[in-house]
$ cat structure_15.cif   # mmCIF, N, CA and C atoms
data_upload
loop_
_atom_site.label_atom_id
_atom_site.label_comp_id
_atom_site.auth_asym_id
_atom_site.auth_seq_id
_atom_site.Cartn_x
_atom_site.Cartn_y
_atom_site.Cartn_z
N MET A 1 -0.33 -23.55 -4.89
CA MET A 1 0.81 -22.80 -5.34
C MET A 1 0.45 -21.33 -5.28
N SER A 2 1.42 -20.50 -4.90
CA SER A 2 1.19 -19.06 -4.91
C SER A 2 2.28 -18.39 -5.71
N PHE A 3 1.97 -17.19 -6.18
CA PHE A 3 2.93 -16.43 -6.94
C PHE A 3 2.69 -14.95 -6.67
N ALA A 4 3.67 -14.14 -7.00
CA ALA A 4 3.53 -12.70 -6.81
C ALA A 4 3.94 -12.00 -8.09
N LEU A 5 3.20 -10.97 -8.42
CA LEU A 5 3.56 -10.14 -9.55
C LEU A 5 4.52 -9.08 -9.06
N VAL A 6 5.64 -8.95 -9.72
CA VAL A 6 6.64 -7.99 -9.32
C VAL A 6 6.81 -6.98 -10.43
N GLY A 7 6.91 -5.73 -10.07
CA GLY A 7 7.18 -4.71 -11.06
C GLY A 7 5.94 -4.12 -11.71
N CYS A 8 4.74 -4.52 -11.29
CA CYS A 8 3.54 -3.91 -11.84
C CYS A 8 3.46 -2.47 -11.34
N ALA A 9 3.01 -1.58 -12.19
CA ALA A 9 2.92 -0.17 -11.82
C ALA A 9 1.59 0.39 -12.30
N GLY A 10 1.17 1.47 -11.66
CA GLY A 10 -0.08 2.11 -12.05
C GLY A 10 -0.28 3.40 -11.30
N THR A 11 -1.50 3.92 -11.39
CA THR A 11 -1.81 5.18 -10.72
C THR A 11 -3.04 5.03 -9.83
N MET A 12 -3.10 5.89 -8.83
CA MET A 12 -4.22 6.01 -7.92
C MET A 12 -4.68 7.46 -7.99
N GLN A 13 -5.98 7.68 -7.89
CA GLN A 13 -6.53 9.03 -7.97
C GLN A 13 -6.99 9.46 -6.58
N GLY A 14 -6.60 10.67 -6.18
CA GLY A 14 -6.99 11.19 -4.89
C GLY A 14 -7.59 12.58 -5.01
N VAL A 15 -8.36 12.97 -4.00
CA VAL A 15 -8.94 14.31 -3.91
C VAL A 15 -8.78 14.78 -2.47
N VAL A 16 -8.28 16.01 -2.31
CA VAL A 16 -8.16 16.60 -0.97
C VAL A 16 -9.56 16.92 -0.48
N ARG A 17 -9.93 16.32 0.62
CA ARG A 17 -11.27 16.48 1.18
C ARG A 17 -11.54 17.94 1.53
N GLY A 18 -12.70 18.44 1.11
CA GLY A 18 -13.11 19.80 1.40
C GLY A 18 -12.51 20.86 0.48
N GLU A 19 -11.50 20.47 -0.29
CA GLU A 19 -10.81 21.40 -1.19
C GLU A 19 -11.10 21.08 -2.64
N GLY A 20 -11.18 19.79 -2.92
CA GLY A 20 -11.42 19.35 -4.29
C GLY A 20 -10.17 19.24 -5.15
N THR A 21 -9.01 19.58 -4.58
CA THR A 21 -7.75 19.48 -5.33
C THR A 21 -7.43 18.02 -5.63
N ARG A 22 -7.18 17.74 -6.90
CA ARG A 22 -6.85 16.38 -7.31
C ARG A 22 -5.38 16.07 -7.05
N VAL A 23 -5.13 14.83 -6.61
CA VAL A 23 -3.78 14.35 -6.34
C VAL A 23 -3.64 12.99 -7.01
N GLN A 24 -2.60 12.82 -7.81
CA GLN A 24 -2.36 11.53 -8.45
C GLN A 24 -1.16 10.84 -7.78
N PHE A 25 -1.36 9.59 -7.41
CA PHE A 25 -0.30 8.77 -6.82
C PHE A 25 0.17 7.77 -7.88
N GLN A 26 1.45 7.45 -7.86
CA GLN A 26 1.98 6.36 -8.67
C GLN A 26 2.35 5.24 -7.70
N TYR A 27 2.13 4.01 -8.13
CA TYR A 27 2.54 2.88 -7.30
C TYR A 27 3.35 1.90 -8.13
N GLU A 28 4.23 1.18 -7.44
CA GLU A 28 4.94 0.04 -8.00
C GLU A 28 4.75 -1.10 -7.03
N GLN A 29 4.26 -2.21 -7.54
CA GLN A 29 4.01 -3.36 -6.68
C GLN A 29 5.26 -4.21 -6.57
N GLY A 30 5.61 -4.57 -5.34
CA GLY A 30 6.76 -5.44 -5.09
C GLY A 30 6.31 -6.75 -4.48
N VAL A 31 7.25 -7.58 -4.14
CA VAL A 31 6.94 -8.89 -3.56
C VAL A 31 6.34 -8.75 -2.17
N ASP A 32 6.97 -7.94 -1.31
CA ASP A 32 6.49 -7.84 0.06
C ASP A 32 6.06 -6.43 0.46
N ARG A 33 6.07 -5.48 -0.49
CA ARG A 33 5.63 -4.11 -0.21
C ARG A 33 5.43 -3.38 -1.52
N ASP A 34 4.67 -2.31 -1.45
CA ASP A 34 4.48 -1.44 -2.61
C ASP A 34 5.22 -0.13 -2.35
N THR A 35 5.55 0.57 -3.41
CA THR A 35 6.15 1.90 -3.31
C THR A 35 5.16 2.90 -3.88
N TYR A 36 4.91 3.97 -3.13
CA TYR A 36 4.01 5.03 -3.56
C TYR A 36 4.82 6.31 -3.78
N ARG A 37 4.37 7.11 -4.75
CA ARG A 37 4.96 8.43 -5.01
C ARG A 37 3.84 9.40 -5.39
N THR A 38 4.01 10.65 -4.98
CA THR A 38 3.07 11.70 -5.37
C THR A 38 3.75 13.05 -5.22
N ASN A 39 3.08 14.07 -5.72
CA ASN A 39 3.56 15.44 -5.61
C ASN A 39 2.39 16.32 -5.17
N ILE A 40 2.56 17.05 -4.07
CA ILE A 40 1.51 17.92 -3.57
C ILE A 40 2.11 19.30 -3.33
N ASN A 41 1.54 20.31 -4.00
CA ASN A 41 2.01 21.69 -3.87
C ASN A 41 3.52 21.82 -4.06
N GLY A 42 4.07 21.10 -5.02
CA GLY A 42 5.49 21.19 -5.33
C GLY A 42 6.39 20.34 -4.45
N GLU A 43 5.83 19.63 -3.48
CA GLU A 43 6.63 18.75 -2.62
C GLU A 43 6.48 17.31 -3.10
N SER A 44 7.62 16.65 -3.31
CA SER A 44 7.62 15.26 -3.75
C SER A 44 7.60 14.33 -2.54
N PHE A 45 6.69 13.37 -2.56
CA PHE A 45 6.56 12.38 -1.50
C PHE A 45 6.86 10.99 -2.06
N SER A 46 7.50 10.16 -1.27
CA SER A 46 7.68 8.76 -1.63
C SER A 46 7.74 7.94 -0.35
N GLY A 47 7.32 6.70 -0.46
CA GLY A 47 7.34 5.82 0.70
C GLY A 47 6.86 4.42 0.35
N GLN A 48 6.79 3.60 1.37
CA GLN A 48 6.43 2.20 1.18
C GLN A 48 5.13 1.87 1.88
N ALA A 49 4.41 0.93 1.30
CA ALA A 49 3.18 0.40 1.89
C ALA A 49 3.41 -1.07 2.20
N ILE A 50 3.04 -1.47 3.42
CA ILE A 50 3.19 -2.87 3.80
C ILE A 50 1.83 -3.44 4.21
N ASN A 51 1.69 -4.72 4.04
CA ASN A 51 0.47 -5.42 4.36
C ASN A 51 0.40 -5.62 5.88
N THR A 52 -0.58 -4.98 6.53
CA THR A 52 -0.68 -5.07 7.99
C THR A 52 -1.25 -6.39 8.47
N GLY A 53 -1.85 -7.16 7.58
CA GLY A 53 -2.43 -8.44 7.98
C GLY A 53 -1.60 -9.63 7.55
N ALA A 54 -0.37 -9.40 7.12
CA ALA A 54 0.47 -10.50 6.64
C ALA A 54 1.05 -11.27 7.81
N THR A 55 0.95 -12.58 7.73
CA THR A 55 1.54 -13.46 8.73
C THR A 55 2.26 -14.60 8.02
N SER A 56 3.27 -15.12 8.65
CA SER A 56 3.96 -16.29 8.11
C SER A 56 4.49 -17.09 9.28
N GLY A 57 4.75 -18.36 9.02
CA GLY A 57 5.26 -19.21 10.08
C GLY A 57 5.72 -20.54 9.56
N VAL A 58 6.27 -21.31 10.47
CA VAL A 58 6.75 -22.65 10.16
C VAL A 58 6.05 -23.58 11.14
N GLY A 59 5.61 -24.70 10.64
CA GLY A 59 4.94 -25.65 11.49
C GLY A 59 5.31 -27.08 11.12
N THR A 60 4.89 -27.99 11.94
CA THR A 60 5.13 -29.41 11.69
C THR A 60 3.79 -30.10 11.53
N VAL A 61 3.69 -30.93 10.50
CA VAL A 61 2.47 -31.67 10.22
C VAL A 61 2.77 -33.16 10.34
N PHE A 62 1.88 -33.88 11.05
CA PHE A 62 2.02 -35.32 11.19
C PHE A 62 0.88 -35.97 10.41
N THR A 63 1.21 -36.76 9.40
CA THR A 63 0.18 -37.47 8.63
C THR A 63 0.67 -38.85 8.29
N GLY A 64 -0.13 -39.84 8.64
CA GLY A 64 0.19 -41.21 8.28
C GLY A 64 1.57 -41.66 8.73
N GLY A 65 1.99 -41.24 9.91
CA GLY A 65 3.30 -41.64 10.43
C GLY A 65 4.46 -40.84 9.85
N THR A 66 4.16 -39.87 9.00
CA THR A 66 5.20 -39.05 8.39
C THR A 66 5.17 -37.65 9.01
N THR A 67 6.34 -37.11 9.24
CA THR A 67 6.46 -35.75 9.76
C THR A 67 6.98 -34.85 8.65
N ALA A 68 6.34 -33.70 8.50
CA ALA A 68 6.78 -32.75 7.46
C ALA A 68 6.78 -31.34 8.05
N THR A 69 7.74 -30.56 7.61
CA THR A 69 7.79 -29.15 7.98
C THR A 69 7.10 -28.36 6.89
N VAL A 70 6.20 -27.47 7.28
CA VAL A 70 5.46 -26.68 6.31
C VAL A 70 5.65 -25.20 6.61
N PHE A 71 5.63 -24.41 5.57
CA PHE A 71 5.70 -22.97 5.68
C PHE A 71 4.31 -22.42 5.36
N THR A 72 3.82 -21.54 6.19
CA THR A 72 2.50 -20.98 5.99
C THR A 72 2.58 -19.46 5.87
N SER A 73 1.64 -18.90 5.15
CA SER A 73 1.54 -17.45 5.09
C SER A 73 0.12 -17.07 4.74
N SER A 74 -0.28 -15.91 5.19
CA SER A 74 -1.59 -15.38 4.83
C SER A 74 -1.46 -13.87 4.73
N THR A 75 -2.38 -13.27 4.00
CA THR A 75 -2.36 -11.82 3.82
C THR A 75 -3.77 -11.27 3.94
N SER A 76 -3.84 -9.98 4.04
CA SER A 76 -5.12 -9.29 3.99
C SER A 76 -4.97 -8.19 2.96
N GLY A 77 -6.01 -7.51 2.66
CA GLY A 77 -5.93 -6.40 1.72
C GLY A 77 -5.71 -5.07 2.42
N ASN A 78 -5.30 -5.12 3.69
CA ASN A 78 -5.11 -3.89 4.47
C ASN A 78 -3.64 -3.50 4.49
N PHE A 79 -3.36 -2.31 3.96
CA PHE A 79 -1.99 -1.82 3.88
C PHE A 79 -1.86 -0.50 4.61
N VAL A 80 -0.71 -0.24 5.16
CA VAL A 80 -0.39 1.06 5.75
C VAL A 80 0.87 1.57 5.05
N ALA A 81 0.89 2.88 4.79
CA ALA A 81 2.03 3.48 4.10
C ALA A 81 2.45 4.75 4.81
N VAL A 82 3.74 5.02 4.79
CA VAL A 82 4.28 6.28 5.26
C VAL A 82 5.08 6.87 4.12
N LEU A 83 4.71 8.10 3.73
CA LEU A 83 5.39 8.80 2.65
C LEU A 83 6.11 10.02 3.24
N LEU A 84 7.36 10.18 2.86
CA LEU A 84 8.16 11.29 3.34
C LEU A 84 8.32 12.31 2.23
N GLY A 85 8.09 13.57 2.56
CA GLY A 85 8.23 14.65 1.59
C GLY A 85 9.65 15.19 1.57
N ASN A 86 10.05 15.74 0.44
CA ASN A 86 11.41 16.27 0.32
C ASN A 86 11.55 17.65 0.97
N ARG A 87 10.46 18.18 1.55
CA ARG A 87 10.52 19.46 2.26
C ARG A 87 10.14 19.31 3.74
N GLY A 88 10.12 18.07 4.22
CA GLY A 88 9.86 17.83 5.63
C GLY A 88 8.46 17.42 6.01
N SER A 89 7.53 17.44 5.10
CA SER A 89 6.16 16.98 5.40
C SER A 89 6.09 15.46 5.33
N THR A 90 5.05 14.90 5.90
CA THR A 90 4.83 13.45 5.85
C THR A 90 3.36 13.17 5.53
N MET A 91 3.11 11.94 5.10
CA MET A 91 1.74 11.46 4.93
C MET A 91 1.68 10.02 5.42
N ARG A 92 0.59 9.69 6.09
CA ARG A 92 0.33 8.32 6.52
C ARG A 92 -0.97 7.89 5.86
N CYS A 93 -0.91 6.76 5.18
CA CYS A 93 -2.06 6.27 4.41
C CYS A 93 -2.52 4.91 4.93
N GLN A 94 -3.82 4.72 4.94
CA GLN A 94 -4.42 3.42 5.23
C GLN A 94 -5.18 3.02 3.97
N MET A 95 -4.75 1.93 3.36
CA MET A 95 -5.31 1.48 2.09
C MET A 95 -6.00 0.13 2.26
N ASN A 96 -7.13 -0.01 1.60
CA ASN A 96 -7.87 -1.27 1.59
C ASN A 96 -7.92 -1.77 0.15
N TYR A 97 -7.09 -2.75 -0.14
CA TYR A 97 -7.01 -3.32 -1.48
C TYR A 97 -8.24 -4.19 -1.73
N ALA A 98 -8.76 -4.14 -2.95
CA ALA A 98 -9.93 -4.95 -3.30
C ALA A 98 -9.60 -6.44 -3.25
N ASP A 99 -8.36 -6.78 -3.53
CA ASP A 99 -7.91 -8.17 -3.56
C ASP A 99 -7.20 -8.49 -2.24
N SER A 100 -7.69 -9.47 -1.50
CA SER A 100 -7.13 -9.77 -0.18
C SER A 100 -5.69 -10.29 -0.25
N THR A 101 -5.23 -10.72 -1.41
CA THR A 101 -3.84 -11.17 -1.51
C THR A 101 -2.88 -10.02 -1.72
N GLY A 102 -3.41 -8.81 -1.88
CA GLY A 102 -2.55 -7.64 -1.98
C GLY A 102 -2.13 -7.26 -3.39
N LEU A 103 -2.88 -7.71 -4.39
CA LEU A 103 -2.57 -7.31 -5.76
C LEU A 103 -3.08 -5.88 -5.97
N THR A 104 -2.17 -4.95 -6.04
CA THR A 104 -2.52 -3.54 -6.15
C THR A 104 -3.32 -3.26 -7.41
N SER A 105 -2.99 -3.94 -8.48
CA SER A 105 -3.63 -3.69 -9.77
C SER A 105 -5.12 -4.02 -9.79
N MET A 106 -5.62 -4.71 -8.76
CA MET A 106 -7.03 -5.06 -8.70
C MET A 106 -7.89 -3.93 -8.15
N GLY A 107 -7.26 -2.83 -7.70
CA GLY A 107 -8.00 -1.67 -7.23
C GLY A 107 -8.15 -1.62 -5.73
N GLY A 108 -8.78 -0.55 -5.27
CA GLY A 108 -9.02 -0.38 -3.85
C GLY A 108 -9.39 1.05 -3.51
N VAL A 109 -9.49 1.31 -2.21
CA VAL A 109 -9.78 2.65 -1.70
C VAL A 109 -8.90 2.90 -0.49
N GLY A 110 -8.69 4.18 -0.19
CA GLY A 110 -7.87 4.49 0.97
C GLY A 110 -8.01 5.94 1.39
N ILE A 111 -7.28 6.27 2.42
CA ILE A 111 -7.27 7.62 2.96
C ILE A 111 -5.84 7.95 3.40
N CYS A 112 -5.39 9.15 3.05
CA CYS A 112 -4.07 9.61 3.46
C CYS A 112 -4.23 10.89 4.28
N ARG A 113 -3.46 10.98 5.34
CA ARG A 113 -3.48 12.16 6.20
C ARG A 113 -2.13 12.87 6.09
N HIS A 114 -2.17 14.08 5.58
CA HIS A 114 -0.97 14.92 5.42
C HIS A 114 -0.62 15.49 6.79
N SER A 115 0.66 15.73 7.04
CA SER A 115 1.09 16.27 8.33
C SER A 115 0.54 17.67 8.61
N ASP A 116 0.04 18.37 7.59
CA ASP A 116 -0.56 19.68 7.81
C ASP A 116 -2.06 19.59 8.12
N GLY A 117 -2.58 18.36 8.23
CA GLY A 117 -3.97 18.16 8.60
C GLY A 117 -4.90 17.82 7.44
N ARG A 118 -4.47 18.05 6.22
CA ARG A 118 -5.33 17.72 5.08
C ARG A 118 -5.55 16.22 4.98
N VAL A 119 -6.73 15.86 4.50
CA VAL A 119 -7.09 14.46 4.30
C VAL A 119 -7.31 14.25 2.80
N ILE A 120 -6.73 13.17 2.27
CA ILE A 120 -6.86 12.86 0.85
C ILE A 120 -7.57 11.51 0.72
N ASP A 121 -8.73 11.51 0.07
CA ASP A 121 -9.44 10.28 -0.23
C ASP A 121 -8.89 9.72 -1.54
N VAL A 122 -8.57 8.42 -1.55
CA VAL A 122 -7.89 7.80 -2.68
C VAL A 122 -8.68 6.60 -3.20
N THR A 123 -8.69 6.45 -4.50
CA THR A 123 -9.30 5.29 -5.15
C THR A 123 -8.47 4.89 -6.35
N TRP A 124 -8.53 3.63 -6.71
CA TRP A 124 -7.82 3.14 -7.90
C TRP A 124 -8.45 1.88 -8.39
#

$ encode --input "structure_15.cif" --output "structure tokens"
Amino acid sequence: MSFALVGCAGTMQGVVRGEGTRVQFQYEQGVDRDTYRTNINGESFSGQAINTGATSGVGTVFTGGTTATVFTSSTSGNFVAVLLGNRGSTMRCQMNYADSTGLTSMGGVGICRHSDGRVIDVTW
């Protein structure tokens, strides 16, 4: 049996590489994606993170003369996010969740690249 936690929220801590400026991200965990938000130099960013290793399918299993249809799915802890700023900037993040099922609350590490070239190292 599998289940998903919906509506969990928390924070991630980031630092702009080479600058030392701290950046705090907020996340909300959803069933099939997370939502990230942050503010950098007065610009508000928000976007979604999706599991890049998620797969699902339908198959047929034959056992003991019986045929059954089964649904399969698997996930990885690898997420990609795109955050759009309210002043035209963007950020693309690659996150590695500590939990391979994608539970954000279990922690992880990542890197975000701002459209102006800055790199933000993230941990939670």

$ atom_distance --input "structure_15.cif" --atom1 "atom CA of A:His114" --atom2 "atom CA of A:Ser100"
26.1 Å

$ atom_distance --input "structure_15.cif" --atom1 "atom C of A:Tyr36" --atom2 "atom N of A:Gly57"
27.8 Å

$ closest_residue --input "structure_15.cif" --among "A:Trp124, A:Tyr97, A:Phe25, A:Phe79" --to "A:Gln48" --atoms "only N, CA and C atoms"
A:Phe79

$ closest_residue --input "structure_15.cif" --among "A:Ser44, A:Thr38, A:Asn96, A:Ser76" --to "A:Val23" --atoms "only N, CA and C atoms"
A:Thr38

$ residues_around --input "structure_15.cif" --residues "A:Met12" --least-positions-apart "3" --cutoff "10 Å" --atoms "only C-alpha atoms" --output "JSON list (two decimals) with N, CA and C atoms, in the frame of the given file"
[["chain", "number", "residue", "atom", "x", "y", "z"],
["A", 23, "VAL", "N", -5.13, 14.83, -6.61],
["A", 23, "VAL", "CA", -3.78, 14.35, -6.34],
["A", 23, "VAL", "C", -3.64, 12.99, -7.01],
["A", 24, "GLN", "N", -2.60, 12.82, -7.81],
["A", 24, "GLN", "CA", -2.36, 11.53, -8.45],
["A", 24, "GLN", "C", -1.16, 10.84, -7.78],
["A", 25, "PHE", "N", -1.36, 9.59, -7.41],
["A", 25, "PHE", "CA", -0.30, 8.77, -6.82],
["A", 25, "PHE", "C", 0.17, 7.77, -7.88],
["A", 26, "GLN", "N", 1.45, 7.45, -7.86],
["A", 26, "GLN", "CA", 1.98, 6.36, -8.67],
["A", 26, "GLN", "C", 2.35, 5.24, -7.70],
["A", 27, "TYR", "N", 2.13, 4.01, -8.13],
["A", 27, "TYR", "CA", 2.54, 2.88, -7.30],
["A", 27, "TYR", "C", 3.35, 1.90, -8.13],
["A", 36, "TYR", "N", 4.91, 3.97, -3.13],
["A", 36, "TYR", "CA", 4.01, 5.03, -3.56],
["A", 36, "TYR", "C", 4.82, 6.31, -3.78],
["A", 37, "ARG", "N", 4.37, 7.11, -4.75],
["A", 37, "ARG", "CA", 4.96, 8.43, -5.01],
["A", 37, "ARG", "C", 3.84, 9.40, -5.39],
["A", 38, "THR", "N", 4.01, 10.65, -4.98],
["A", 38, "THR", "CA", 3.07, 11.70, -5.37],
["A", 38, "THR", "C", 3.75, 13.05, -5.22],
["A", 104, "THR", "N", -2.17, -4.95, -6.04],
["A", 104, "THR", "CA", -2.52, -3.54, -6.15],
["A", 104, "THR", "C", -3.32, -3.26, -7.41],
["A", 105, "SER", "N", -2.99, -3.94, -8.48],
["A", 105, "SER", "CA", -3.63, -3.69, -9.77],
["A", 105, "SER", "C", -5.12, -4.02, -9.79],
["A", 107, "GLY", "N", -7.26, -2.83, -7.70],
["A", 107, "GLY", "CA", -8.00, -1.67, -7.23],
["A", 107, "GLY", "C", -8.15, -1.62, -5.73],
["A", 108, "GLY", "N", -8.78, -0.55, -5.27],
["A", 108, "GLY", "CA", -9.02, -0.38, -3.85],
["A", 108, "GLY", "C", -9.39, 1.05, -3.51],
["A", 109, "VAL", "N", -9.49, 1.31, -2.21],
["A", 109, "VAL", "CA", -9.78, 2.65, -1.70],
["A", 109, "VAL", "C", -8.90, 2.90, -0.49],
["A", 110, "GLY", "N", -8.69, 4.18, -0.19],
["A", 110, "GLY", "CA", -7.87, 4.49, 0.97],
["A", 110, "GLY", "C", -8.01, 5.94, 1.39],
["A", 122, "VAL", "N", -8.57, 8.42, -1.55],
["A", 122, "VAL", "CA", -7.89, 7.80, -2.68],
["A", 122, "VAL", "C", -8.68, 6.60, -3.20],
["A", 123, "THR", "N", -8.69, 6.45, -4.50],
["A", 123, "THR", "CA", -9.30, 5.29, -5.15],
["A", 123, "THR", "C", -8.47, 4.89, -6.35],
["A", 124, "TRP", "N", -8.53, 3.63, -6.71],
["A", 124, "TRP", "CA", -7.82, 3.14, -7.90],
["A", 124, "TRP", "C", -8.45, 1.88, -8.39]]

$ atom_distance --input "structure_15.cif" --atom1 "atom CA of A:Arg17" --atom2 "atom CA of A:Thr90"
17.0 Å

$ build_atoms --input "structure_15.cif" --residues "stretch 26-41 of chain A" --atoms "N, CA, C and O atoms" --output "PDB file, keeping the file's coordinate frame"
ATOM      1  N   GLN A  26       1.450   7.450  -7.860  1.00  0.00           N
ATOM      2  CA  GLN A  26       1.980   6.360  -8.670  1.00  0.00           C
ATOM      3  C   GLN A  26       2.350   5.240  -7.700  1.00  0.00           C
ATOM      4  O   GLN A  26       2.828   5.510  -6.592  1.00  0.00           O
ATOM      5  N   TYR A  27       2.130   4.010  -8.130  1.00  0.00           N
ATOM      6  CA  TYR A  27       2.540   2.880  -7.300  1.00  0.00           C
ATOM      7  C   TYR A  27       3.350   1.900  -8.130  1.00  0.00           C
ATOM      8  O   TYR A  27       3.185   1.804  -9.338  1.00  0.00           O
ATOM      9  N   GLU A  28       4.230   1.180  -7.440  1.00  0.00           N
ATOM     10  CA  GLU A  28       4.940   0.040  -8.000  1.00  0.00           C
ATOM     11  C   GLU A  28       4.750  -1.100  -7.030  1.00  0.00           C
ATOM     12  O   GLU A  28       5.009  -0.941  -5.833  1.00  0.00           O
ATOM     13  N   GLN A  29       4.260  -2.210  -7.540  1.00  0.00           N
ATOM     14  CA  GLN A  29       4.010  -3.360  -6.680  1.00  0.00           C
ATOM     15  C   GLN A  29       5.260  -4.210  -6.570  1.00  0.00           C
ATOM     16  O   GLN A  29       5.905  -4.514  -7.569  1.00  0.00           O
ATOM     17  N   GLY A  30       5.610  -4.570  -5.340  1.00  0.00           N
ATOM     18  CA  GLY A  30       6.760  -5.440  -5.090  1.00  0.00           C
ATOM     19  C   GLY A  30       6.310  -6.750  -4.480  1.00  0.00           C
ATOM     20  O   GLY A  30       5.118  -6.998  -4.323  1.00  0.00           O
ATOM     21  N   VAL A  31       7.250  -7.580  -4.140  1.00  0.00           N
ATOM     22  CA  VAL A  31       6.940  -8.890  -3.560  1.00  0.00           C
ATOM     23  C   VAL A  31       6.340  -8.750  -2.170  1.00  0.00           C
ATOM     24  O   VAL A  31       5.320  -9.351  -1.861  1.00  0.00           O
ATOM     25  N   ASP A  32       6.970  -7.940  -1.310  1.00  0.00           N
ATOM     26  CA  ASP A  32       6.490  -7.840   0.060  1.00  0.00           C
ATOM     27  C   ASP A  32       6.060  -6.430   0.460  1.00  0.00           C
ATOM     28  O   ASP A  32       5.729  -6.187   1.605  1.00  0.00           O
ATOM     29  N   ARG A  33       6.070  -5.480  -0.490  1.00  0.00           N
ATOM     30  CA  ARG A  33       5.630  -4.110  -0.210  1.00  0.00           C
ATOM     31  C   ARG A  33       5.430  -3.380  -1.520  1.00  0.00           C
ATOM     32  O   ARG A  33       5.941  -3.784  -2.549  1.00  0.00           O
ATOM     33  N   ASP A  34       4.670  -2.310  -1.450  1.00  0.00           N
ATOM     34  CA  ASP A  34       4.480  -1.440  -2.610  1.00  0.00           C
ATOM     35  C   ASP A  34       5.220  -0.130  -2.350  1.00  0.00           C
ATOM     36  O   ASP A  34       5.481   0.239  -1.202  1.00  0.00           O
ATOM     37  N   THR A  35       5.550   0.570  -3.410  1.00  0.00           N
ATOM     38  CA  THR A  35       6.150   1.900  -3.310  1.00  0.00           C
ATOM     39  C   THR A  35       5.160   2.900  -3.880  1.00  0.00           C
ATOM     40  O   THR A  35       4.604   2.681  -4.947  1.00  0.00           O
ATOM     41  N   TYR A  36       4.910   3.970  -3.130  1.00  0.00           N
ATOM     42  CA  TYR A  36       4.010   5.030  -3.560  1.00  0.00           C
ATOM     43  C   TYR A  36       4.820   6.310  -3.780  1.00  0.00           C
ATOM     44  O   TYR A  36       5.768   6.598  -3.044  1.00  0.00           O
ATOM     45  N   ARG A  37       4.370   7.110  -4.750  1.00  0.00           N
ATOM     46  CA  ARG A  37       4.960   8.430  -5.010  1.00  0.00           C
ATOM     47  C   ARG A  37       3.840   9.400  -5.390  1.00  0.00           C
ATOM     48  O   ARG A  37       2.874   9.020  -6.032  1.00  0.00           O
ATOM     49  N   THR A  38       4.010  10.650  -4.980  1.00  0.00           N
ATOM     50  CA  THR A  38       3.070  11.700  -5.370  1.00  0.00           C
ATOM     51  C   THR A  38       3.750  13.050  -5.220  1.00  0.00           C
ATOM     52  O   THR A  38       4.842  13.150  -4.654  1.00  0.00           O
ATOM     53  N   ASN A  39       3.080  14.070  -5.720  1.00  0.00           N
ATOM     54  CA  ASN A  39       3.560  15.440  -5.610  1.00  0.00           C
ATOM     55  C   ASN A  39       2.390  16.320  -5.170  1.00  0.00           C
ATOM     56  O   ASN A  39       1.344  16.303  -5.819  1.00  0.00           O
ATOM     57  N   ILE A  40       2.560  17.050  -4.070  1.00  0.00           N
ATOM     58  CA  ILE A  40       1.510  17.920  -3.570  1.00  0.00           C
ATOM     59  C   ILE A  40       2.110  19.300  -3.330  1.00  0.00           C
ATOM     60  O   ILE A  40       3.074  19.439  -2.574  1.00  0.00           O
ATOM     61  N   ASN A  41       1.540  20.310  -4.000  1.00  0.00           N
ATOM     62  CA  ASN A  41       2.010  21.690  -3.870  1.00  0.00           C
ATOM     63  C   ASN A  41       3.520  21.820  -4.060  1.00  0.00           C
ATOM     64  O   ASN A  41       4.188  22.514  -3.299  1.00  0.00           O
TER      65      ASN A  41
END
